[in-house]
file target-v1.pdb (PDB, C-alpha atoms, pLDDT in the B column)
ATOM      1  CA  MET A  74     -11.963  22.108 -34.548  1.00 51.00           C
ATOM      2  CA  VAL A  75      -8.545  22.530 -32.949  1.00 56.00           C
ATOM      3  CA  ASN A  76      -8.117  25.742 -30.951  1.00 69.00           C
ATOM      4  CA  ARG A  77      -5.103  27.698 -32.120  1.00 78.00           C
ATOM      5  CA  GLU A  78      -3.808  31.253 -32.185  1.00 85.00           C
ATOM      6  CA  TYR A  79      -3.866  33.358 -35.347  1.00 92.00           C
ATOM      7  CA  ARG A  80      -1.814  36.448 -36.091  1.00 93.00           C
ATOM      8  CA  TYR A  81      -4.425  38.460 -37.976  1.00 95.00           C
ATOM      9  CA  PHE A  82      -7.819  37.115 -36.901  1.00 95.00           C
ATOM     10  CA  ASP A  83      -8.393  39.829 -34.273  1.00 94.00           C
ATOM     11  CA  LEU A  84      -7.310  42.552 -36.716  1.00 93.00           C
ATOM     12  CA  VAL A  85      -9.787  41.384 -39.361  1.00 93.00           C
ATOM     13  CA  MET A  86     -12.518  41.206 -36.706  1.00 94.00           C
ATOM     14  CA  ALA A  87     -11.760  44.763 -35.540  1.00 94.00           C
ATOM     15  CA  LEU A  88     -11.908  46.101 -39.097  1.00 92.00           C
ATOM     16  CA  PHE A  89     -15.141  44.219 -39.711  1.00 91.00           C
ATOM     17  CA  VAL A  90     -16.839  45.710 -36.642  1.00 92.00           C
ATOM     18  CA  THR A  91     -15.549  49.209 -37.442  1.00 92.00           C
ATOM     19  CA  VAL A  92     -17.010  49.056 -40.946  1.00 89.00           C
ATOM     20  CA  LEU A  93     -20.362  47.909 -39.526  1.00 86.00           C
ATOM     21  CA  ILE A  94     -20.672  50.763 -37.043  1.00 87.00           C
ATOM     22  CA  ILE A  95     -19.534  53.500 -39.444  1.00 87.00           C
ATOM     23  CA  SER A  96     -21.848  52.302 -42.205  1.00 84.00           C
ATOM     24  CA  ASN A  97     -24.831  52.192 -39.841  1.00 78.00           C
ATOM     25  CA  ILE A  98     -24.209  55.766 -38.668  1.00 81.00           C
ATOM     26  CA  ALA A  99     -23.833  56.917 -42.283  1.00 82.00           C
ATOM     27  CA  SER A 100     -27.106  55.163 -43.187  1.00 74.00           C
ATOM     28  CA  SER A 101     -28.954  57.232 -40.627  1.00 73.00           C
ATOM     29  CA  ALA A 102     -27.156  60.461 -41.536  1.00 75.00           C
ATOM     30  CA  LYS A 103     -27.901  60.902 -45.240  1.00 78.00           C
ATOM     31  CA  ILE A 104     -29.694  59.585 -48.327  1.00 77.00           C
ATOM     32  CA  VAL A 105     -27.664  60.094 -51.503  1.00 78.00           C
ATOM     33  CA  ASP A 106     -29.236  60.714 -54.929  1.00 78.00           C
ATOM     34  CA  TRP A 107     -27.140  59.961 -58.013  1.00 71.00           C
ATOM     35  CA  GLY A 108     -29.571  61.828 -60.229  1.00 75.00           C
ATOM     36  CA  VAL A 109     -30.068  58.836 -62.564  1.00 73.00           C
ATOM     37  CA  SER A 110     -32.739  56.139 -62.885  1.00 73.00           C
ATOM     38  CA  LEU A 111     -32.856  52.454 -63.789  1.00 68.00           C
ATOM     39  CA  PHE A 112     -36.068  51.178 -65.371  1.00 68.00           C
ATOM     40  CA  GLY A 113     -37.758  54.319 -64.096  1.00 70.00           C
ATOM     41  CA  VAL A 114     -36.578  53.808 -60.504  1.00 64.00           C
ATOM     42  CA  PRO A 115     -34.360  56.637 -59.136  1.00 68.00           C
ATOM     43  CA  LEU A 116     -30.965  55.356 -57.957  1.00 66.00           C
ATOM     44  CA  SER A 117     -30.959  56.897 -54.475  1.00 69.00           C
ATOM     45  CA  PHE A 118     -29.400  55.101 -51.506  1.00 70.00           C
ATOM     46  CA  ASP A 119     -28.561  55.577 -47.849  1.00 70.00           C
ATOM     47  CA  ALA A 120     -24.958  56.728 -47.363  1.00 76.00           C
ATOM     48  CA  GLY A 121     -23.987  53.622 -45.417  1.00 75.00           C
ATOM     49  CA  THR A 122     -24.227  51.683 -48.672  1.00 73.00           C
ATOM     50  CA  LEU A 123     -20.882  53.194 -49.697  1.00 75.00           C
ATOM     51  CA  LEU A 124     -19.015  51.268 -47.004  1.00 81.00           C
ATOM     52  CA  PHE A 125     -21.286  48.440 -45.876  1.00 77.00           C
ATOM     53  CA  PRO A 126     -20.411  46.061 -48.776  1.00 80.00           C
ATOM     54  CA  VAL A 127     -16.855  45.949 -47.409  1.00 85.00           C
ATOM     55  CA  SER A 128     -18.203  44.082 -44.364  1.00 86.00           C
ATOM     56  CA  TYR A 129     -19.289  41.272 -46.686  1.00 86.00           C
ATOM     57  CA  ILE A 130     -15.810  41.146 -48.174  1.00 89.00           C
ATOM     58  CA  PHE A 131     -14.434  40.731 -44.643  1.00 90.00           C
ATOM     59  CA  GLY A 132     -17.124  38.126 -44.012  1.00 90.00           C
ATOM     60  CA  ASP A 133     -16.047  36.198 -47.107  1.00 93.00           C
ATOM     61  CA  VAL A 134     -12.411  36.356 -46.072  1.00 94.00           C
ATOM     62  CA  LEU A 135     -13.165  35.173 -42.531  1.00 95.00           C
ATOM     63  CA  THR A 136     -15.228  32.179 -43.649  1.00 96.00           C
ATOM     64  CA  GLU A 137     -12.897  31.259 -46.497  1.00 96.00           C
ATOM     65  CA  VAL A 138      -9.754  31.275 -44.364  1.00 96.00           C
ATOM     66  CA  TYR A 139     -10.904  30.501 -40.809  1.00 96.00           C
ATOM     67  CA  GLY A 140     -14.173  28.622 -41.355  1.00 96.00           C
ATOM     68  CA  PHE A 141     -17.805  29.150 -40.387  1.00 96.00           C
ATOM     69  CA  ARG A 142     -17.480  28.719 -36.626  1.00 94.00           C
ATOM     70  CA  ARG A 143     -14.836  31.401 -36.243  1.00 94.00           C
ATOM     71  CA  SER A 144     -16.751  33.635 -38.624  1.00 95.00           C
ATOM     72  CA  ARG A 145     -19.828  33.063 -36.445  1.00 95.00           C
ATOM     73  CA  ARG A 146     -17.916  34.442 -33.460  1.00 94.00           C
ATOM     74  CA  VAL A 147     -17.157  37.608 -35.432  1.00 94.00           C
ATOM     75  CA  ILE A 148     -20.790  37.946 -36.540  1.00 94.00           C
ATOM     76  CA  TRP A 149     -21.967  37.780 -32.920  1.00 95.00           C
ATOM     77  CA  THR A 150     -19.285  40.293 -31.903  1.00 95.00           C
ATOM     78  CA  GLY A 151     -20.477  42.679 -34.593  1.00 91.00           C
ATOM     79  CA  PHE A 152     -24.069  42.200 -33.458  1.00 91.00           C
ATOM     80  CA  ALA A 153     -23.153  43.073 -29.860  1.00 93.00           C
ATOM     81  CA  CYS A 154     -21.172  46.158 -30.923  1.00 91.00           C
ATOM     82  CA  LEU A 155     -24.006  47.432 -33.121  1.00 87.00           C
ATOM     83  CA  ALA A 156     -26.423  47.019 -30.218  1.00 87.00           C
ATOM     84  CA  LEU A 157     -24.010  48.829 -27.879  1.00 90.00           C
ATOM     85  CA  SER A 158     -23.572  51.750 -30.290  1.00 88.00           C
ATOM     86  CA  ALA A 159     -27.360  52.100 -30.546  1.00 84.00           C
ATOM     87  CA  LEU A 160     -27.662  52.037 -26.756  1.00 87.00           C
ATOM     88  CA  VAL A 161     -25.011  54.748 -26.264  1.00 88.00           C
ATOM     89  CA  LEU A 162     -26.553  57.004 -28.931  1.00 85.00           C
ATOM     90  CA  GLY A 163     -29.925  56.453 -27.285  1.00 84.00           C
ATOM     91  CA  ILE A 164     -28.597  57.558 -23.904  1.00 88.00           C
ATOM     92  CA  VAL A 165     -26.889  60.600 -25.433  1.00 88.00           C
ATOM     93  CA  ARG A 166     -30.153  61.494 -27.163  1.00 86.00           C
ATOM     94  CA  PHE A 167     -31.883  62.071 -23.835  1.00 87.00           C
ATOM     95  CA  LEU A 168     -29.048  63.933 -22.100  1.00 90.00           C
ATOM     96  CA  PRO A 169     -29.504  67.729 -21.789  1.00 92.00           C
ATOM     97  CA  GLY A 170     -27.637  69.776 -24.386  1.00 89.00           C
ATOM     98  CA  GLU A 171     -25.125  72.526 -23.521  1.00 91.00           C
ATOM     99  CA  SER A 172     -26.352  76.040 -24.402  1.00 90.00           C
ATOM    100  CA  SER A 173     -23.726  76.931 -27.050  1.00 92.00           C
ATOM    101  CA  TRP A 174     -24.190  73.540 -28.708  1.00 89.00           C
ATOM    102  CA  GLU A 175     -27.941  74.156 -28.781  1.00 90.00           C
ATOM    103  CA  SER A 176     -27.345  77.466 -30.589  1.00 90.00           C
ATOM    104  CA  TYR A 177     -25.344  76.046 -33.538  1.00 86.00           C
ATOM    105  CA  ALA A 178     -26.658  72.474 -33.691  1.00 87.00           C
ATOM    106  CA  GLY A 179     -29.285  71.559 -31.155  1.00 88.00           C
ATOM    107  CA  GLN A 180     -31.492  68.606 -30.371  1.00 89.00           C
ATOM    108  CA  THR A 181     -33.357  68.902 -33.659  1.00 87.00           C
ATOM    109  CA  ALA A 182     -30.147  68.336 -35.617  1.00 85.00           C
ATOM    110  CA  TYR A 183     -29.208  65.392 -33.418  1.00 84.00           C
ATOM    111  CA  GLU A 184     -32.633  63.834 -33.881  1.00 81.00           C
ATOM    112  CA  ALA A 185     -32.452  64.303 -37.655  1.00 77.00           C
ATOM    113  CA  ILE A 186     -28.946  62.869 -38.109  1.00 75.00           C
ATOM    114  CA  LEU A 187     -28.193  60.454 -35.276  1.00 76.00           C
ATOM    115  CA  GLY A 188     -31.596  60.024 -33.707  1.00 69.00           C
ATOM    116  CA  GLY A 189     -32.417  57.252 -36.144  1.00 63.00           C
ATOM    117  CA  MET A 190     -29.511  55.186 -34.834  1.00 64.00           C
ATOM    118  CA  SER A 191     -31.127  55.115 -31.398  1.00 60.00           C
ATOM    119  CA  THR A 192     -34.781  54.674 -32.333  1.00 63.00           C
ATOM    120  CA  GLY A 193     -36.487  51.295 -32.438  1.00 66.00           C
ATOM    121  CA  GLY A 194     -37.083  51.202 -36.197  1.00 71.00           C
ATOM    122  CA  ILE A 195     -33.565  51.705 -37.495  1.00 71.00           C
ATOM    123  CA  VAL A 196     -31.993  49.666 -34.693  1.00 76.00           C
ATOM    124  CA  LEU A 197     -34.331  46.732 -35.261  1.00 82.00           C
ATOM    125  CA  ALA A 198     -33.890  46.936 -39.038  1.00 83.00           C
ATOM    126  CA  SER A 199     -30.088  47.101 -38.769  1.00 80.00           C
ATOM    127  CA  LEU A 200     -29.723  44.260 -36.283  1.00 85.00           C
ATOM    128  CA  VAL A 201     -32.178  41.851 -37.927  1.00 90.00           C
ATOM    129  CA  ALA A 202     -30.887  42.541 -41.443  1.00 89.00           C
ATOM    130  CA  TYR A 203     -27.246  42.259 -40.396  1.00 88.00           C
ATOM    131  CA  PHE A 204     -27.849  39.024 -38.512  1.00 90.00           C
ATOM    132  CA  ALA A 205     -29.809  37.358 -41.322  1.00 94.00           C
ATOM    133  CA  GLY A 206     -27.567  38.612 -44.113  1.00 94.00           C
ATOM    134  CA  GLU A 207     -24.188  37.825 -42.563  1.00 92.00           C
ATOM    135  CA  PHE A 208     -25.185  34.313 -41.514  1.00 94.00           C
ATOM    136  CA  SER A 209     -26.666  33.620 -44.958  1.00 95.00           C
ATOM    137  CA  ASN A 210     -23.476  34.844 -46.602  1.00 94.00           C
ATOM    138  CA  SER A 211     -21.223  32.751 -44.366  1.00 96.00           C
ATOM    139  CA  VAL A 212     -23.253  29.534 -44.675  1.00 96.00           C
ATOM    140  CA  VAL A 213     -23.520  29.774 -48.470  1.00 96.00           C
ATOM    141  CA  LEU A 214     -19.794  30.442 -48.906  1.00 96.00           C
ATOM    142  CA  ALA A 215     -18.782  27.617 -46.542  1.00 96.00           C
ATOM    143  CA  LYS A 216     -21.052  25.109 -48.291  1.00 96.00           C
ATOM    144  CA  MET A 217     -19.917  26.221 -51.743  1.00 96.00           C
ATOM    145  CA  LYS A 218     -16.271  25.835 -50.732  1.00 97.00           C
ATOM    146  CA  VAL A 219     -16.841  22.205 -49.789  1.00 96.00           C
ATOM    147  CA  ALA A 220     -18.949  21.575 -52.907  1.00 96.00           C
ATOM    148  CA  THR A 221     -16.344  23.097 -55.256  1.00 95.00           C
ATOM    149  CA  ARG A 222     -13.410  21.557 -53.351  1.00 94.00           C
ATOM    150  CA  GLY A 223     -11.866  24.971 -52.859  1.00 94.00           C
ATOM    151  CA  ARG A 224     -11.909  25.964 -56.527  1.00 93.00           C
ATOM    152  CA  TRP A 225     -13.399  29.104 -58.108  1.00 93.00           C
ATOM    153  CA  LEU A 226     -13.156  31.497 -55.204  1.00 94.00           C
ATOM    154  CA  TRP A 227     -14.795  34.212 -57.316  1.00 93.00           C
ATOM    155  CA  MET A 228     -17.909  32.045 -57.661  1.00 93.00           C
ATOM    156  CA  ARG A 229     -18.117  31.582 -53.889  1.00 94.00           C
ATOM    157  CA  THR A 230     -17.609  35.237 -52.969  1.00 92.00           C
ATOM    158  CA  ILE A 231     -20.033  36.598 -55.547  1.00 91.00           C
ATOM    159  CA  GLY A 232     -22.559  33.777 -55.087  1.00 93.00           C
ATOM    160  CA  SER A 233     -22.665  34.132 -51.308  1.00 94.00           C
ATOM    161  CA  THR A 234     -22.930  37.908 -51.645  1.00 90.00           C
ATOM    162  CA  LEU A 235     -25.892  37.631 -54.024  1.00 92.00           C
ATOM    163  CA  VAL A 236     -27.704  35.697 -51.289  1.00 94.00           C
ATOM    164  CA  GLY A 237     -26.423  37.529 -48.200  1.00 93.00           C
ATOM    165  CA  GLU A 238     -26.782  41.048 -49.570  1.00 89.00           C
ATOM    166  CA  GLY A 239     -30.196  40.173 -51.002  1.00 93.00           C
ATOM    167  CA  VAL A 240     -31.424  39.035 -47.591  1.00 94.00           C
ATOM    168  CA  ASP A 241     -29.784  41.977 -45.802  1.00 90.00           C
ATOM    169  CA  THR A 242     -31.088  44.647 -48.175  1.00 88.00           C
ATOM    170  CA  ALA A 243     -34.645  43.322 -48.354  1.00 90.00           C
ATOM    171  CA  VAL A 244     -34.949  42.918 -44.583  1.00 92.00           C
ATOM    172  CA  PHE A 245     -33.328  46.248 -43.718  1.00 85.00           C
ATOM    173  CA  ILE A 246     -35.339  48.398 -46.123  1.00 87.00           C
ATOM    174  CA  PHE A 247     -38.601  46.592 -45.357  1.00 90.00           C
ATOM    175  CA  VAL A 248     -38.308  46.770 -41.562  1.00 88.00           C
ATOM    176  CA  ALA A 249     -37.001  50.359 -41.603  1.00 82.00           C
ATOM    177  CA  THR A 250     -39.785  51.470 -43.953  1.00 87.00           C
ATOM    178  CA  LEU A 251     -42.403  49.623 -41.895  1.00 85.00           C
ATOM    179  CA  ALA A 252     -41.120  51.475 -38.821  1.00 78.00           C
ATOM    180  CA  GLY A 253     -41.352  54.833 -40.585  1.00 78.00           C
ATOM    181  CA  VAL A 254     -37.590  55.451 -40.998  1.00 73.00           C
ATOM    182  CA  PHE A 255     -37.880  55.647 -44.801  1.00 78.00           C
ATOM    183  CA  PRO A 256     -40.984  56.688 -46.769  1.00 84.00           C
ATOM    184  CA  TRP A 257     -42.744  53.909 -48.726  1.00 87.00           C
ATOM    185  CA  GLU A 258     -42.287  55.827 -51.985  1.00 85.00           C
ATOM    186  CA  LEU A 259     -38.527  55.214 -51.684  1.00 82.00           C
ATOM    187  CA  PHE A 260     -38.884  51.488 -50.938  1.00 87.00           C
ATOM    188  CA  ALA A 261     -38.299  50.200 -54.476  1.00 85.00           C
ATOM    189  CA  SER A 262     -35.579  52.739 -55.191  1.00 82.00           C
ATOM    190  CA  LEU A 263     -33.626  52.081 -51.992  1.00 80.00           C
ATOM    191  CA  THR A 264     -33.950  48.291 -52.270  1.00 86.00           C
ATOM    192  CA  LEU A 265     -32.888  48.112 -55.925  1.00 84.00           C
ATOM    193  CA  THR A 266     -30.078  50.652 -55.644  1.00 79.00           C
ATOM    194  CA  ASN A 267     -28.676  49.186 -52.427  1.00 77.00           C
ATOM    195  CA  TYR A 268     -28.653  45.663 -53.820  1.00 87.00           C
ATOM    196  CA  ILE A 269     -27.114  46.552 -57.176  1.00 85.00           C
ATOM    197  CA  PHE A 270     -24.452  48.726 -55.595  1.00 80.00           C
ATOM    198  CA  LYS A 271     -23.498  46.219 -52.889  1.00 80.00           C
ATOM    199  CA  VAL A 272     -23.207  43.285 -55.299  1.00 86.00           C
ATOM    200  CA  SER A 273     -21.268  45.442 -57.778  1.00 86.00           C
ATOM    201  CA  VAL A 274     -18.753  46.390 -55.085  1.00 83.00           C
ATOM    202  CA  GLU A 275     -18.206  42.711 -54.282  1.00 82.00           C
ATOM    203  CA  ALA A 276     -17.625  41.908 -57.964  1.00 86.00           C
ATOM    204  CA  VAL A 277     -15.227  44.830 -58.481  1.00 89.00           C
ATOM    205  CA  MET A 278     -13.313  43.984 -55.310  1.00 88.00           C
ATOM    206  CA  THR A 279     -12.860  40.297 -56.235  1.00 90.00           C
ATOM    207  CA  PRO A 280      -9.163  40.679 -57.215  1.00 90.00           C
ATOM    208  CA  PHE A 281      -8.519  42.432 -53.883  1.00 91.00           C
ATOM    209  CA  THR A 282     -10.364  39.641 -52.047  1.00 92.00           C
ATOM    210  CA  TYR A 283      -8.176  37.067 -53.818  1.00 92.00           C
ATOM    211  CA  GLN A 284      -5.024  38.847 -52.632  1.00 93.00           C
ATOM    212  CA  ILE A 285      -6.174  39.153 -49.012  1.00 93.00           C
ATOM    213  CA  VAL A 286      -7.288  35.510 -48.884  1.00 95.00           C
ATOM    214  CA  ALA A 287      -3.976  34.317 -50.350  1.00 95.00           C
ATOM    215  CA  ILE A 288      -1.929  36.403 -47.908  1.00 96.00           C
ATOM    216  CA  LEU A 289      -3.916  35.243 -44.876  1.00 96.00           C
ATOM    217  CA  LYS A 290      -3.887  31.576 -45.877  1.00 96.00           C
ATOM    218  CA  ARG A 291      -0.128  31.721 -46.306  1.00 96.00           C
ATOM    219  CA  SER A 292       0.543  33.738 -43.142  1.00 96.00           C
ATOM    220  CA  GLU A 293      -1.887  31.831 -40.912  1.00 95.00           C
ATOM    221  CA  ARG A 294      -1.189  28.442 -42.485  1.00 94.00           C
ATOM    222  CA  GLU A 295      -4.930  27.886 -42.532  1.00 95.00           C
ATOM    223  CA  ASP A 296      -7.459  27.028 -45.235  1.00 95.00           C
ATOM    224  CA  TYR A 297     -10.468  25.700 -43.363  1.00 95.00           C
ATOM    225  CA  TYR A 298     -13.087  23.434 -44.934  1.00 96.00           C
ATOM    226  CA  ASP A 299     -16.452  23.152 -43.164  1.00 96.00           C
ATOM    227  CA  THR A 300     -16.931  19.532 -44.203  1.00 94.00           C
ATOM    228  CA  TYR A 301     -18.369  18.364 -40.887  1.00 92.00           C
ATOM    229  CA  THR A 302     -19.570  21.686 -39.518  1.00 93.00           C
ATOM    230  CA  ARG A 303     -23.003  22.018 -37.912  1.00 91.00           C
ATOM    231  CA  PHE A 304     -24.293  25.335 -39.180  1.00 93.00           C
ATOM    232  CA  SER A 305     -26.017  26.624 -36.060  1.00 92.00           C
ATOM    233  CA  LEU A 306     -26.434  30.206 -34.867  1.00 88.00           C
ATOM    234  CA  TRP A 307     -24.342  29.604 -31.718  1.00 85.00           C
TER
END
call {"tool": "encode", "arguments": {"input": "target-v1.pdb", "output": "structure tokens"}}
result
Amino acid sequence: MVNREYRYFDLVMALFVTVLIISNIASSAKIVDWGVSLFGVPLSFDAGTLLFPVSYIFGDVLTEVYGFRRSRRVIWTGFACLALSALVLGIVRFLPGESSWESYAGQTAYEAILGGMSTGGIVLASLVAYFAGEFSNSVVLAKMKVATRGRWLWMRTIGSTLVGEGVDTAVFIFVATLAGVFPWELFASLTLTNYIFKVSVEAVMTPFTYQIVAILKRSEREDYYDTYTRFSLW
């Protein structure tokens, strides 16, 4: 792989990491209930689900345009930033609160909303699920691109998302529930709703993905094929 400079690679990486951190904070902050059910399972979901699927769109764009190895660099960057955000929130959690802040918010509110982002369960669930899901998504898309000779982008983006989001959702909900972050009675509901919603977002956003990919390929003069790539974690 020839090392070269790209105009928009760093911008896409920054947006990708921003989406990751915001969605993880939102996941800890609130569980949303749509008030409807599917096959008897209530469609409730953690609030981070609203934004998190966008990270997979960025992941698709990165792998499709720049290739697996550059996408891998972004995945590791996102992993490090998620870990750093958890560390900072953990430190803040144990700092003494100012008296007026304690009167209108207090440590109890912090523990309830942001405490989960700094506790072992949610941090472990987020990091493991993100790592497994993003790498699965990137590998599947890269291999499908070679197999289809660059045709049918919609098949690659949706197909890789079905795998990546499936791995991510299952791992995140399972580990978080095992650690006591979510109650077991919400396991099926959260898993099903998260997966359906995330995959649906990817499908709906396919035309947008097509436009972004086309613009980047033209601007960067790059359309990388991972024909001889060794799909390792580092």
call {"tool": "resolve_selection", "arguments": {"input": "target-v1.pdb", "expression": "the PyMOL selection byres ((chain A and resi 203) around 10)", "output": "number ranges by chain"}}
result
A: 93, 148, 151-152, 155, 197-202, 204-209, 237-238, 240-242, 244-245
call {"tool": "resolve_selection", "arguments": {"input": "target-v1.pdb", "expression": "the PyMOL selection byres ((chain A and resi 135) around 9)", "output": "list in words"}}
result
Phe82, Val85, Met86, Ile130, Phe131, Gly132, Asp133, Val134, Thr136, Glu137, Val138, Tyr139, Gly140, Phe141, Arg143, Ser144, Val147, Ser211 and Val286 of chain A
call {"tool": "atom_distance", "arguments": {"input": "target-v1.pdb", "atom1": "atom CA of Ala220 of chain A", "atom2": "atom CA of Thr300 of chain A"}}
result
9.2 Å
call {"tool": "closest_residue", "arguments": {"input": "target-v1.pdb", "among": "A:Ile195, A:Val109, A:Ala185, A:Met228", "to": "Thr250 of chain A", "atoms": "only C-alpha atoms"}}
result
A:Ile195
call {"tool": "closest_residue", "arguments": {"input": "target-v1.pdb", "among": "A:Gly113, A:Arg229, A:Asn210, A:Ile164", "to": "Tyr283 of chain A", "atoms": "all atoms listed in the file"}}
result
A:Arg229
call {"tool": "closest_residue", "arguments": {"input": "target-v1.pdb", "among": "A:Phe125, A:Tyr297, A:Glu275, A:Glu175", "to": "Val219 of chain A", "atoms": "all atoms listed in the file"}}
result
A:Tyr297
call {"tool": "build_atoms", "arguments": {"input": "target-v1.pdb", "residues": "segment 199-222 of chain A", "atoms": "N, CA and C atoms", "output": "PDB file, in the frame of the given file"}}
result
ATOM      1  N   SER A 199     -31.528  47.342 -38.624  1.00 80.00           N
ATOM      2  CA  SER A 199     -30.088  47.101 -38.769  1.00 80.00           C
ATOM      3  C   SER A 199     -29.679  45.758 -38.176  1.00 80.00           C
ATOM      4  N   LEU A 200     -30.141  45.478 -36.970  1.00 85.00           N
ATOM      5  CA  LEU A 200     -29.723  44.260 -36.283  1.00 85.00           C
ATOM      6  C   LEU A 200     -30.281  43.007 -36.959  1.00 85.00           C
ATOM      7  N   VAL A 201     -31.572  43.026 -37.292  1.00 90.00           N
ATOM      8  CA  VAL A 201     -32.178  41.851 -37.927  1.00 90.00           C
ATOM      9  C   VAL A 201     -31.582  41.612 -39.308  1.00 90.00           C
ATOM     10  N   ALA A 202     -31.435  42.680 -40.096  1.00 89.00           N
ATOM     11  CA  ALA A 202     -30.887  42.541 -41.443  1.00 89.00           C
ATOM     12  C   ALA A 202     -29.438  42.073 -41.407  1.00 89.00           C
ATOM     13  N   TYR A 203     -28.650  42.665 -40.534  1.00 88.00           N
ATOM     14  CA  TYR A 203     -27.246  42.259 -40.396  1.00 88.00           C
ATOM     15  C   TYR A 203     -27.133  40.791 -40.018  1.00 88.00           C
ATOM     16  N   PHE A 204     -27.898  40.389 -39.024  1.00 90.00           N
ATOM     17  CA  PHE A 204     -27.849  39.024 -38.512  1.00 90.00           C
ATOM     18  C   PHE A 204     -28.216  38.022 -39.603  1.00 90.00           C
ATOM     19  N   ALA A 205     -29.340  38.278 -40.284  1.00 94.00           N
ATOM     20  CA  ALA A 205     -29.809  37.358 -41.322  1.00 94.00           C
ATOM     21  C   ALA A 205     -28.870  37.347 -42.522  1.00 94.00           C
ATOM     22  N   GLY A 206     -28.418  38.522 -42.935  1.00 94.00           N
ATOM     23  CA  GLY A 206     -27.567  38.612 -44.113  1.00 94.00           C
ATOM     24  C   GLY A 206     -26.192  38.011 -43.926  1.00 94.00           C
ATOM     25  N   GLU A 207     -25.543  38.322 -42.801  1.00 92.00           N
ATOM     26  CA  GLU A 207     -24.188  37.825 -42.563  1.00 92.00           C
ATOM     27  C   GLU A 207     -24.166  36.300 -42.398  1.00 92.00           C
ATOM     28  N   PHE A 208     -25.142  35.762 -41.672  1.00 94.00           N
ATOM     29  CA  PHE A 208     -25.185  34.313 -41.514  1.00 94.00           C
ATOM     30  C   PHE A 208     -25.480  33.623 -42.843  1.00 94.00           C
ATOM     31  N   SER A 209     -26.378  34.189 -43.645  1.00 95.00           N
ATOM     32  CA  SER A 209     -26.666  33.620 -44.958  1.00 95.00           C
ATOM     33  C   SER A 209     -25.414  33.614 -45.825  1.00 95.00           C
ATOM     34  N   ASN A 210     -24.704  34.721 -45.819  1.00 94.00           N
ATOM     35  CA  ASN A 210     -23.476  34.844 -46.602  1.00 94.00           C
ATOM     36  C   ASN A 210     -22.440  33.803 -46.181  1.00 94.00           C
ATOM     37  N   SER A 211     -22.239  33.665 -44.881  1.00 96.00           N
ATOM     38  CA  SER A 211     -21.223  32.751 -44.366  1.00 96.00           C
ATOM     39  C   SER A 211     -21.569  31.288 -44.656  1.00 96.00           C
ATOM     40  N   VAL A 212     -22.831  30.925 -44.448  1.00 96.00           N
ATOM     41  CA  VAL A 212     -23.253  29.534 -44.675  1.00 96.00           C
ATOM     42  C   VAL A 212     -23.123  29.173 -46.147  1.00 96.00           C
ATOM     43  N   VAL A 213     -23.582  30.059 -47.033  1.00 96.00           N
ATOM     44  CA  VAL A 213     -23.520  29.774 -48.470  1.00 96.00           C
ATOM     45  C   VAL A 213     -22.076  29.623 -48.926  1.00 96.00           C
ATOM     46  N   LEU A 214     -21.192  30.527 -48.481  1.00 96.00           N
ATOM     47  CA  LEU A 214     -19.794  30.442 -48.906  1.00 96.00           C
ATOM     48  C   LEU A 214     -19.136  29.167 -48.397  1.00 96.00           C
ATOM     49  N   ALA A 215     -19.386  28.825 -47.125  1.00 96.00           N
ATOM     50  CA  ALA A 215     -18.782  27.617 -46.542  1.00 96.00           C
ATOM     51  C   ALA A 215     -19.242  26.361 -47.273  1.00 96.00           C
ATOM     52  N   LYS A 216     -20.521  26.277 -47.589  1.00 96.00           N
ATOM     53  CA  LYS A 216     -21.052  25.109 -48.291  1.00 96.00           C
ATOM     54  C   LYS A 216     -20.536  25.043 -49.727  1.00 96.00           C
ATOM     55  N   MET A 217     -20.431  26.192 -50.373  1.00 96.00           N
ATOM     56  CA  MET A 217     -19.917  26.221 -51.743  1.00 96.00           C
ATOM     57  C   MET A 217     -18.442  25.826 -51.791  1.00 96.00           C
ATOM     58  N   LYS A 218     -17.690  26.196 -50.756  1.00 97.00           N
ATOM     59  CA  LYS A 218     -16.271  25.835 -50.732  1.00 97.00           C
ATOM     60  C   LYS A 218     -16.094  24.330 -50.689  1.00 97.00           C
ATOM     61  N   VAL A 219     -16.908  23.666 -49.864  1.00 96.00           N
ATOM     62  CA  VAL A 219     -16.841  22.205 -49.789  1.00 96.00           C
ATOM     63  C   VAL A 219     -17.295  21.590 -51.110  1.00 96.00           C
ATOM     64  N   ALA A 220     -18.392  22.128 -51.669  1.00 96.00           N
ATOM     65  CA  ALA A 220     -18.949  21.575 -52.907  1.00 96.00           C
ATOM     66  C   ALA A 220     -18.001  21.741 -54.088  1.00 96.00           C
ATOM     67  N   THR A 221     -17.261  22.850 -54.137  1.00 95.00           N
ATOM     68  CA  THR A 221     -16.344  23.097 -55.256  1.00 95.00           C
ATOM     69  C   THR A 221     -14.923  22.623 -54.966  1.00 95.00           C
ATOM     70  N   ARG A 222     -14.736  22.036 -53.777  1.00 94.00           N
ATOM     71  CA  ARG A 222     -13.410  21.557 -53.351  1.00 94.00           C
ATOM     72  C   ARG A 222     -12.367  22.671 -53.376  1.00 94.00           C
TER      73      ARG A 222
END
